[in-house]
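Participant: Next up is a structure, given as structure tokens.
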Amino acid sequence: MKILPRNTLLERNTLLERNTLLERNTLLERNTLLERNTLLERNTLLERNTLLERNTLLEVRDLEVSFQGMETVTVLSGISFSIKESETLALVGETGCGKSVVAHAIMNLLPPESRVKGNIEFRGKSLSEMNEKEMAKIRGREIAIIFQNPSLALNPVYSIGHQLVEPLCVHQKEKKKTALYRVALALKRMGFVNFSECMNYYPSWCSGGMNQRFLIAASTILNPALLIADEPSKGLDKKCITELEAELKNLKMESKSALLLISHDLDFVRRLADRIAVMYAGEIVELANSSSLFENPLHPYTRGLLNSLPEKGFIPIPGFSPPLNSLPSGCRFHPRCPLREKRCIRVHPEIKETGEKAVRCFLYP
Amino acid sequence: MSEIARKVTRYFTSLVLIIIINFILPRLMPGDPVKNLIGEDAYVSEEVMEELRAELGLNLPFSEQFISYTSNLLHFDLGYSYHLHAPVAEILLNKMSWTLIFVGVSVVIGTLLGCFLGALAGWKPERKASHFTSFTFVVLSCIPPYFLALLTLYIFSFKLGLFPSKGFYDTPEIGSVLHHLFLPVCVMSVFSASRNFLVMRGSVIQEKEQLYALYARAKGLYNTDILFRHIIKNASLPIITLLALDFGFLFSGALFIEIIFSLNGMGVMIYNAIMGKDYPLLQGAFLVIAFTALLANMFADLLYILIDPRVRGGSMDESV
């Protein structure tokens, strides 16, 4: 009678010990597993980055913009594209095809009479659903824009220094003195030898090229993840354009920001862009890698554009691009297209992806 | 530099023209100047009148009269008022200080108030508050200041008895002066504010469409920060012009208000001078008012140079 309880006691003890041991073991194992997992994840992430499979920074899906006035004009429809981190995407097309509207739609800067449909996602957050205050925090810091008319984009009654300090003061609550120092450095980087003097200049005293560089400095001073350059080469002479190109390349090297380049200058775009989206009458008609677009253009409009370049024979596309308030039926390019068929006049083609490319044309099923 | 020289000559020419007009106008008036000087109520013999004529130099040729007139001006001698029996310069100096305080304070208040409310109304014109202020100021700007003065005098002074109805003070203390000046300053401020409000509102509506305002938004500025940091300085440029151009208008408004509130300043003095045909005093008052208007314009020009770098000019070669 006395032994039994002892046994039970012993058993209990051993059971307890075992349990604690088991628990300990599982804990240990779990920890190592966790560590392993995180390590694995890290490794794969690193690998991904090195494989240039970067994360998507900006994703635009089915963007449609219309302006309400005497009549409602749909300026953009079915615009979809994405920009990966530190990638350069170019939007090219004729004047009035809605390139700048895309830029303003991303920044949420369209006038109140505009209506925006579709989704614009930046780092997984929907920009179109943000209110003005949230958007203000992103503008200038995460997404910055260079407007196409630098002399008008700068305030005529404030000095350059005063205007360049502003992003630092607004977003980083920096003191004016340290901010001015940083601005001076930024101007020095932009190639101004007399940078401290430049801070006291006013936009009206400077040339368009100088103002452009001030504007670039203002927009890039916070190293935005995405920089939108809206027709940066417009109105500049050849020398200024090459300088601008070098500056943009420099910026990309240093700050690794992505660039949405909007331009109608194909040569300029070719030297800078990784991928190119060709726009016609408010739509993207072709999206492809820069090299493949220039070597093997698919859409008849892209071919026409390339043929109109001086080195390719200067052959213009016949006709004019249609006004956005009276678009032709079917394919918007059909009145000017040399390869049109019957269905082009009636049916509007959808954009189709084939591998790396996307084309909006019936020729490519 | 040449710009400054040109401006100085322009102002100098204006000054000379003012002096010439001021000299000629009374001499073009019909009737005998000596009779006018003495007034209609007193009888004086022919010999005394001749004496006076000689004393005033009115028997001399025009050119000599002009020279003596300008030399007197340079000595701050604006003539002698036979009605008030005092030198004109002395009377003017005494009355002017009160009017300047009254107009100065009102214009400063009116400009600040008008600009601020106008800017807000222009920034978001679709808001209810903006509609309300716009309506109010349009109505106020349509009411002549003397009517507004009469109305406030009737309501606040006569009916409610909150404020005294006449004079600058009962006893020459600051409290009494403030109490007396409250109503006239209010009326004058509202009058000045209504004009500034309308200009500022339109100006802001126009300026906020400019590209620099959009770029300010693209830089991350939020809502009224854009207004106060970027737009307001540009939008206030027309206000400077308005102030300079409006100077005469404000002054005449002030004269009416002074008369209604029986403030013994320039307004009442000019009114009495017109009633009593006190020509030397009138002539002196006109000269001083014209001169202050000129000064106001000069001040506006200077302000422009200070605020707008485009006026300062000085385009520089691209030095990179």
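Naming works like this for the structure tokens: A, B, ... for the chains as they're shown, residue 1 at the start of each chain, ligands 1 onward in shown order.
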Distance cut-off 7 Å, counting only C-alpha atoms - which residues of chain A neighbour chain B? Return them as a PyMOL selection string.
Facilitator: chain A and resi 133+136-140+144-145+152-155+157+167+170+192-194+202+204-207
Participant: For N, CA and C atoms, I'd like the residues from the last selection saved as a PDB file, in the first residue's frame.
Facilitator:
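Written out: selection.pdb:
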```pdb
ATOM      1  N   LYS A 133      -5.837  66.133 -47.517  1.00  0.00           N
ATOM      2  CA  LYS A 133      -4.804  66.274 -46.495  1.00  0.00           C
ATOM      3  C   LYS A 133      -3.789  65.135 -46.563  1.00  0.00           C
ATOM      4  N   ALA A 136      -1.673  65.624 -49.587  1.00  0.00           N
ATOM      5  CA  ALA A 136      -0.675  66.694 -49.438  1.00  0.00           C
ATOM      6  C   ALA A 136       0.607  66.158 -48.821  1.00  0.00           C
ATOM      7  N   LYS A 137       0.470  65.136 -47.963  1.00  0.00           N
ATOM      8  CA  LYS A 137       1.663  64.575 -47.327  1.00  0.00           C
ATOM      9  C   LYS A 137       2.494  63.766 -48.323  1.00  0.00           C
ATOM     10  N   ILE A 138       1.838  63.219 -49.325  1.00  0.00           N
ATOM     11  CA  ILE A 138       2.549  62.424 -50.323  1.00  0.00           C
ATOM     12  C   ILE A 138       3.159  63.312 -51.404  1.00  0.00           C
ATOM     13  N   ARG A 139       2.415  64.363 -51.775  1.00  0.00           N
ATOM     14  CA  ARG A 139       2.906  65.263 -52.811  1.00  0.00           C
ATOM     15  C   ARG A 139       4.200  65.932 -52.368  1.00  0.00           C
ATOM     16  N   GLY A 140       5.168  65.928 -53.261  1.00  0.00           N
ATOM     17  CA  GLY A 140       6.416  66.618 -52.958  1.00  0.00           C
ATOM     18  C   GLY A 140       7.399  65.743 -52.209  1.00  0.00           C
ATOM     19  N   ALA A 144       6.789  63.572 -56.765  1.00  0.00           N
ATOM     20  CA  ALA A 144       7.011  64.975 -57.099  1.00  0.00           C
ATOM     21  C   ALA A 144       6.860  65.158 -58.592  1.00  0.00           C
ATOM     22  N   ILE A 145       6.583  66.375 -58.998  1.00  0.00           N
ATOM     23  CA  ILE A 145       6.347  66.630 -60.416  1.00  0.00           C
ATOM     24  C   ILE A 145       7.165  67.833 -60.869  1.00  0.00           C
ATOM     25  N   LEU A 152       6.664  79.683 -65.238  1.00  0.00           N
ATOM     26  CA  LEU A 152       5.360  80.009 -64.661  1.00  0.00           C
ATOM     27  C   LEU A 152       5.083  79.202 -63.398  1.00  0.00           C
ATOM     28  N   ALA A 153       5.793  78.078 -63.240  1.00  0.00           N
ATOM     29  CA  ALA A 153       5.546  77.236 -62.074  1.00  0.00           C
ATOM     30  C   ALA A 153       6.208  77.817 -60.829  1.00  0.00           C
ATOM     31  N   LEU A 154       7.184  78.696 -61.029  1.00  0.00           N
ATOM     32  CA  LEU A 154       7.813  79.339 -59.877  1.00  0.00           C
ATOM     33  C   LEU A 154       7.068  80.633 -59.587  1.00  0.00           C
ATOM     34  N   ASN A 155       6.933  80.950 -58.322  1.00  0.00           N
ATOM     35  CA  ASN A 155       6.205  82.143 -57.917  1.00  0.00           C
ATOM     36  C   ASN A 155       7.043  83.387 -58.225  1.00  0.00           C
ATOM     37  N   VAL A 157       7.058  86.407 -57.165  1.00  0.00           N
ATOM     38  CA  VAL A 157       7.408  87.409 -56.152  1.00  0.00           C
ATOM     39  C   VAL A 157       8.235  86.861 -54.991  1.00  0.00           C
ATOM     40  N   PRO A 167       9.661  72.756 -49.598  1.00  0.00           N
ATOM     41  CA  PRO A 167       9.402  71.323 -49.377  1.00  0.00           C
ATOM     42  C   PRO A 167      10.027  70.809 -48.089  1.00  0.00           C
ATOM     43  N   VAL A 170       7.958  72.188 -45.149  1.00  0.00           N
ATOM     44  CA  VAL A 170       6.594  71.650 -45.056  1.00  0.00           C
ATOM     45  C   VAL A 170       6.621  70.192 -44.617  1.00  0.00           C
ATOM     46  N   PHE A 192      25.116  74.756 -60.525  1.00  0.00           N
ATOM     47  CA  PHE A 192      25.248  76.205 -60.365  1.00  0.00           C
ATOM     48  C   PHE A 192      26.521  76.500 -59.593  1.00  0.00           C
ATOM     49  N   VAL A 193      27.412  77.254 -60.215  1.00  0.00           N
ATOM     50  CA  VAL A 193      28.666  77.581 -59.547  1.00  0.00           C
ATOM     51  C   VAL A 193      28.407  78.638 -58.474  1.00  0.00           C
ATOM     52  N   ASN A 194      27.564  79.608 -58.845  1.00  0.00           N
ATOM     53  CA  ASN A 194      27.277  80.708 -57.903  1.00  0.00           C
ATOM     54  C   ASN A 194      25.991  80.404 -57.126  1.00  0.00           C
ATOM     55  N   TYR A 202      15.266  86.006 -58.551  1.00  0.00           N
ATOM     56  CA  TYR A 202      13.833  85.814 -58.740  1.00  0.00           C
ATOM     57  C   TYR A 202      13.617  85.192 -60.110  1.00  0.00           C
ATOM     58  N   SER A 204      11.885  85.842 -62.610  1.00  0.00           N
ATOM     59  CA  SER A 204      11.844  86.732 -63.780  1.00  0.00           C
ATOM     60  C   SER A 204      13.228  87.199 -64.192  1.00  0.00           C
ATOM     61  N   TRP A 205      14.195  87.032 -63.326  1.00  0.00           N
ATOM     62  CA  TRP A 205      15.544  87.465 -63.675  1.00  0.00           C
ATOM     63  C   TRP A 205      16.297  86.374 -64.424  1.00  0.00           C
ATOM     64  N   CYS A 206      15.758  85.161 -64.416  1.00  0.00           N
ATOM     65  CA  CYS A 206      16.527  84.018 -64.911  1.00  0.00           C
ATOM     66  C   CYS A 206      15.964  83.509 -66.234  1.00  0.00           C
ATOM     67  N   SER A 207      16.783  82.755 -66.942  1.00  0.00           N
ATOM     68  CA  SER A 207      16.342  82.184 -68.215  1.00  0.00           C
ATOM     69  C   SER A 207      15.503  80.936 -67.960  1.00  0.00           C
TER      70      SER A 207
END
```
Participant: Would you pick out the contacts of stretch 303-317 of chain A at 10 Å or less, using only C-alpha atoms, so that residues sharing its chain but fewer than 5 positions from it are not included, and give the list as a list in words?
Facilitator: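 Residues meeting the cut-off are Val92, Gly93, Glu94, Asp265, Leu266, Asp267, Val278, Leu293, Phe294, Glu295, Asn296, Pro297, Leu298, Arg336, Cys337 and Pro338 of chain A.
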Participant: My list of candidates is B:Phe286, B:Trp123, B:Phe23, B:Phe228. Which is closest to B:Ser63 when distances are computed with only C-alpha atoms?
Facilitator: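 So, comparing all the options, the nearest one is B:Phe23.
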Participant: Within 12 Å of stretch 141-155 of chain B, counting only C-alpha atoms, which residues show up once you throw out same-chain ones fewer than 5 positions away? Write them as a ChimeraX atom specification, please.
Facilitator: /B:114,133-136,160-166,180-199,249-262
Participant: With C-alpha atoms kept, could you save the residues just selected as a PDB file, in the first residue's frame?
Facilitator:
```
ATOM      1  CA  GLY B 114     -10.882  93.896 -46.689  1.00  0.00           C
ATOM      2  CA  THR B 133     -19.294  88.285 -47.108  1.00  0.00           C
ATOM      3  CA  SER B 134     -19.365  88.959 -50.839  1.00  0.00           C
ATOM      4  CA  PHE B 135     -22.998  89.994 -50.702  1.00  0.00           C
ATOM      5  CA  THR B 136     -22.436  92.182 -47.658  1.00  0.00           C
ATOM      6  CA  LEU B 160     -29.190 103.682 -28.708  1.00  0.00           C
ATOM      7  CA  GLY B 161     -27.064 106.462 -27.279  1.00  0.00           C
ATOM      8  CA  LEU B 162     -23.967 104.304 -27.211  1.00  0.00           C
ATOM      9  CA  PHE B 163     -21.637 106.829 -28.771  1.00  0.00           C
ATOM     10  CA  PRO B 164     -21.360 110.614 -28.787  1.00  0.00           C
ATOM     11  CA  SER B 165     -22.637 112.233 -31.950  1.00  0.00           C
ATOM     12  CA  LYS B 166     -20.135 115.009 -32.529  1.00  0.00           C
ATOM     13  CA  HIS B 180     -15.711 109.782 -30.162  1.00  0.00           C
ATOM     14  CA  LEU B 181     -13.772 108.359 -33.078  1.00  0.00           C
ATOM     15  CA  PHE B 182     -15.219 104.843 -32.884  1.00  0.00           C
ATOM     16  CA  LEU B 183     -18.233 105.362 -35.125  1.00  0.00           C
ATOM     17  CA  PRO B 184     -16.561 107.491 -37.797  1.00  0.00           C
ATOM     18  CA  VAL B 185     -13.585 105.136 -37.955  1.00  0.00           C
ATOM     19  CA  CYS B 186     -15.946 102.179 -38.283  1.00  0.00           C
ATOM     20  CA  VAL B 187     -17.848 103.760 -41.147  1.00  0.00           C
ATOM     21  CA  MET B 188     -14.680 104.842 -42.872  1.00  0.00           C
ATOM     22  CA  SER B 189     -13.066 101.392 -42.387  1.00  0.00           C
ATOM     23  CA  VAL B 190     -16.080  99.624 -43.814  1.00  0.00           C
ATOM     24  CA  PHE B 191     -16.055 102.006 -46.754  1.00  0.00           C
ATOM     25  CA  SER B 192     -12.379 101.338 -47.378  1.00  0.00           C
ATOM     26  CA  ALA B 193     -12.701  97.611 -46.694  1.00  0.00           C
ATOM     27  CA  SER B 194     -15.550  97.148 -49.162  1.00  0.00           C
ATOM     28  CA  ARG B 195     -13.430  98.441 -52.017  1.00  0.00           C
ATOM     29  CA  ASN B 196     -10.397  96.385 -50.992  1.00  0.00           C
ATOM     30  CA  PHE B 197     -12.541  93.299 -50.485  1.00  0.00           C
ATOM     31  CA  LEU B 198     -13.913  93.307 -54.019  1.00  0.00           C
ATOM     32  CA  VAL B 199     -10.517  93.843 -55.617  1.00  0.00           C
ATOM     33  CA  PHE B 249     -11.915 109.117 -53.293  1.00  0.00           C
ATOM     34  CA  LEU B 250     -11.177 108.077 -49.726  1.00  0.00           C
ATOM     35  CA  PHE B 251     -10.344 111.636 -48.848  1.00  0.00           C
ATOM     36  CA  SER B 252     -13.599 112.979 -50.193  1.00  0.00           C
ATOM     37  CA  GLY B 253     -15.444 110.207 -48.352  1.00  0.00           C
ATOM     38  CA  ALA B 254     -13.614 111.195 -45.199  1.00  0.00           C
ATOM     39  CA  LEU B 255     -14.655 114.820 -45.684  1.00  0.00           C
ATOM     40  CA  PHE B 256     -18.328 113.823 -45.845  1.00  0.00           C
ATOM     41  CA  ILE B 257     -18.031 111.645 -42.777  1.00  0.00           C
ATOM     42  CA  GLU B 258     -16.245 114.409 -40.896  1.00  0.00           C
ATOM     43  CA  ILE B 259     -19.009 116.855 -41.699  1.00  0.00           C
ATOM     44  CA  ILE B 260     -21.707 114.422 -40.576  1.00  0.00           C
ATOM     45  CA  PHE B 261     -19.952 113.578 -37.322  1.00  0.00           C
ATOM     46  CA  SER B 262     -18.999 117.250 -36.836  1.00  0.00           C
TER      47      SER B 262
END
```
Participant: Identify all residues of stretch 129-357 of chain A in alpha helix (DSSP H) (DSSP on the backbone) and supply them as number ranges by chain.
Facilitator: A: 132-138, 150-153, 160-172, 176-189, 195-198, 208-220, 238-255, 266-272, 290-295, 300-307, 342-346
Participant: Do you have the atom CA of B:Asp77-atom CA of B:Ile18 distance handy?
Facilitator: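 Between these atoms lies a distance of 16.4 Å.
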Participant: Can you pull out the residues contacting A:Glu71? Cut-off 12 Å, using only C-alpha atoms, and skip same-chain residues under 4 positions away; I want them as a ChimeraX atom specification.
Facilitator: /A:66-67,113,324-326
Participant: Now that the selection is made, can you save its residues with N, CA and C atoms as a PDB file, in the first residue's frame?
Facilitator:
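This went into again06.pdb:
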```pdb
ATOM      1  N   SER A  66     -12.758  62.477 -67.111  1.00  0.00           N
ATOM      2  CA  SER A  66     -13.609  63.304 -67.968  1.00  0.00           C
ATOM      3  C   SER A  66     -13.766  64.680 -67.345  1.00  0.00           C
ATOM      4  N   PHE A  67     -13.956  65.668 -68.186  1.00  0.00           N
ATOM      5  CA  PHE A  67     -14.159  67.038 -67.712  1.00  0.00           C
ATOM      6  C   PHE A  67     -15.593  67.439 -67.978  1.00  0.00           C
ATOM      7  N   GLU A 113     -13.734  70.334 -61.743  1.00  0.00           N
ATOM      8  CA  GLU A 113     -14.762  69.921 -62.698  1.00  0.00           C
ATOM      9  C   GLU A 113     -14.431  68.582 -63.377  1.00  0.00           C
ATOM     10  N   LEU A 324     -10.830  65.522 -78.757  1.00  0.00           N
ATOM     11  CA  LEU A 324     -11.309  64.530 -77.801  1.00  0.00           C
ATOM     12  C   LEU A 324     -12.824  64.559 -77.602  1.00  0.00           C
ATOM     13  N   ASN A 325     -13.476  65.643 -78.049  1.00  0.00           N
ATOM     14  CA  ASN A 325     -14.929  65.672 -77.864  1.00  0.00           C
ATOM     15  C   ASN A 325     -15.692  65.052 -79.039  1.00  0.00           C
ATOM     16  N   SER A 326     -14.987  64.735 -80.129  1.00  0.00           N
ATOM     17  CA  SER A 326     -15.669  64.019 -81.216  1.00  0.00           C
ATOM     18  C   SER A 326     -14.727  62.955 -81.765  1.00  0.00           C
TER      19      SER A 326
END
```
Participant: Got a sec: who's within 10 Å of B:Met266, counting only C-alpha atoms, leaving out chain neighbours fewer than 4 positions off, as a list in words?
Facilitator: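 After dropping sequence-adjacent residues, the list is Ile91, Leu92, Leu93, Asn94, Lys95, Met96, Ser97, Trp98, Thr99, Leu100, Phe251, Ala254, Leu255, Glu258, Ile259, Ile270, Tyr271, Asn272, Ala285 and Ile289 of chain B.
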Participant: Okay, now the selection with N, CA and C atoms, as an mmCIF file, in the first residue's frame?
Facilitator:
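Resulting contents of result-v7.cif:
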```
data_model
loop_
_atom_site.group_PDB
_atom_site.id
_atom_site.type_symbol
_atom_site.label_atom_id
_atom_site.label_comp_id
_atom_site.auth_asym_id
_atom_site.auth_seq_id
_atom_site.Cartn_x
_atom_site.Cartn_y
_atom_site.Cartn_z
ATOM 1 N N ILE B 91 -3.483 126.993 -40.026
ATOM 2 C CA ILE B 91 -4.810 126.373 -39.906
ATOM 3 C C ILE B 91 -4.771 124.951 -40.460
ATOM 4 N N LEU B 92 -4.174 124.840 -41.652
ATOM 5 C CA LEU B 92 -4.142 123.530 -42.311
ATOM 6 C C LEU B 92 -3.413 122.502 -41.467
ATOM 7 N N LEU B 93 -2.276 122.904 -40.938
ATOM 8 C CA LEU B 93 -1.467 121.984 -40.151
ATOM 9 C C LEU B 93 -2.261 121.465 -38.959
ATOM 10 N N ASN B 94 -2.986 122.370 -38.332
ATOM 11 C CA ASN B 94 -3.783 122.027 -37.156
ATOM 12 C C ASN B 94 -4.893 121.042 -37.506
ATOM 13 N N LYS B 95 -5.613 121.321 -38.595
ATOM 14 C CA LYS B 95 -6.765 120.495 -38.958
ATOM 15 C C LYS B 95 -6.334 119.166 -39.571
ATOM 16 N N MET B 96 -5.216 119.270 -40.316
ATOM 17 C CA MET B 96 -4.814 118.094 -41.055
ATOM 18 C C MET B 96 -4.426 116.926 -40.173
ATOM 19 N N SER B 97 -3.771 117.225 -39.059
ATOM 20 C CA SER B 97 -3.288 116.142 -38.198
ATOM 21 C C SER B 97 -4.454 115.270 -37.749
ATOM 22 N N TRP B 98 -5.577 115.907 -37.407
ATOM 23 C CA TRP B 98 -6.753 115.126 -36.984
ATOM 24 C C TRP B 98 -7.274 114.260 -38.121
ATOM 25 N N THR B 99 -7.405 114.862 -39.298
ATOM 26 C CA THR B 99 -7.926 114.107 -40.442
ATOM 27 C C THR B 99 -6.994 112.963 -40.810
ATOM 28 N N LEU B 100 -5.693 113.228 -40.715
ATOM 29 C CA LEU B 100 -4.735 112.170 -41.068
ATOM 30 C C LEU B 100 -4.842 110.994 -40.109
ATOM 31 N N PHE B 251 -10.427 110.334 -49.504
ATOM 32 C CA PHE B 251 -10.344 111.636 -48.848
ATOM 33 C C PHE B 251 -11.687 112.348 -48.901
ATOM 34 N N ALA B 254 -13.948 110.784 -46.555
ATOM 35 C CA ALA B 254 -13.614 111.195 -45.199
ATOM 36 C C ALA B 254 -14.179 112.579 -44.903
ATOM 37 N N LEU B 255 -14.139 113.464 -45.894
ATOM 38 C CA LEU B 255 -14.655 114.820 -45.684
ATOM 39 C C LEU B 255 -16.138 114.777 -45.353
ATOM 40 N N GLU B 258 -16.636 113.396 -41.889
ATOM 41 C CA GLU B 258 -16.245 114.409 -40.896
ATOM 42 C C GLU B 258 -17.362 115.428 -40.692
ATOM 43 N N ILE B 259 -17.950 115.851 -41.808
ATOM 44 C CA ILE B 259 -19.009 116.855 -41.699
ATOM 45 C C ILE B 259 -20.189 116.284 -40.923
ATOM 46 N N ILE B 270 -12.995 122.725 -44.930
ATOM 47 C CA ILE B 270 -13.205 122.992 -46.357
ATOM 48 C C ILE B 270 -14.662 123.398 -46.606
ATOM 49 N N TYR B 271 -15.548 122.713 -45.932
ATOM 50 C CA TYR B 271 -16.977 123.014 -46.069
ATOM 51 C C TYR B 271 -17.233 124.477 -45.701
ATOM 52 N N ASN B 272 -16.689 124.889 -44.570
ATOM 53 C CA ASN B 272 -16.878 126.269 -44.136
ATOM 54 C C ASN B 272 -16.214 127.244 -45.092
ATOM 55 N N ALA B 285 -5.787 124.348 -49.125
ATOM 56 C CA ALA B 285 -6.265 122.988 -48.859
ATOM 57 C C ALA B 285 -6.131 122.127 -50.107
ATOM 58 N N ILE B 289 -3.945 118.740 -50.454
ATOM 59 C CA ILE B 289 -4.561 117.459 -50.813
ATOM 60 C C ILE B 289 -3.904 116.888 -52.070
#
```
Participant: Hey, what's within 9 Å of A:Gly191 if we count only C-alpha atoms and toss same-chain stuff fewer than 4 positions away? As a ChimeraX atom specification, please?
Facilitator: /A:186-187,195,213 /B:320
Participant: Set the distance at 12 Å and use only C-alpha atoms: which residues neighbour B:Tyr11 once local chain neighbours fewer than 3 positions away are removed? I'd like the list as an MDAnalysis selection string.
Facilitator: chainID B and resid 4:8 14:18 290:291 293:299 301
Participant: Any idea what the distance is between atom CA of A:Leu272 and atom CA of A:Ser290?
Facilitator: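 Rounded to one decimal, the two atoms are 8.9 Å apart.
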Participant: So how far away is atom CA of A:Met107 from atom CA of A:Glu121, in Å?
Facilitator: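 So the two atoms, atom CA of A:Glu121 and atom CA of A:Met107, lie 11.3 Å apart.
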Participant: Ranking A:Lys84, A:His162, A:Arg123, A:Lys99 by minimum distance to A:His264 and counting only C-alpha atoms, which one comes first?
Facilitator: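 So, comparing all the options, the nearest one is A:Lys99.
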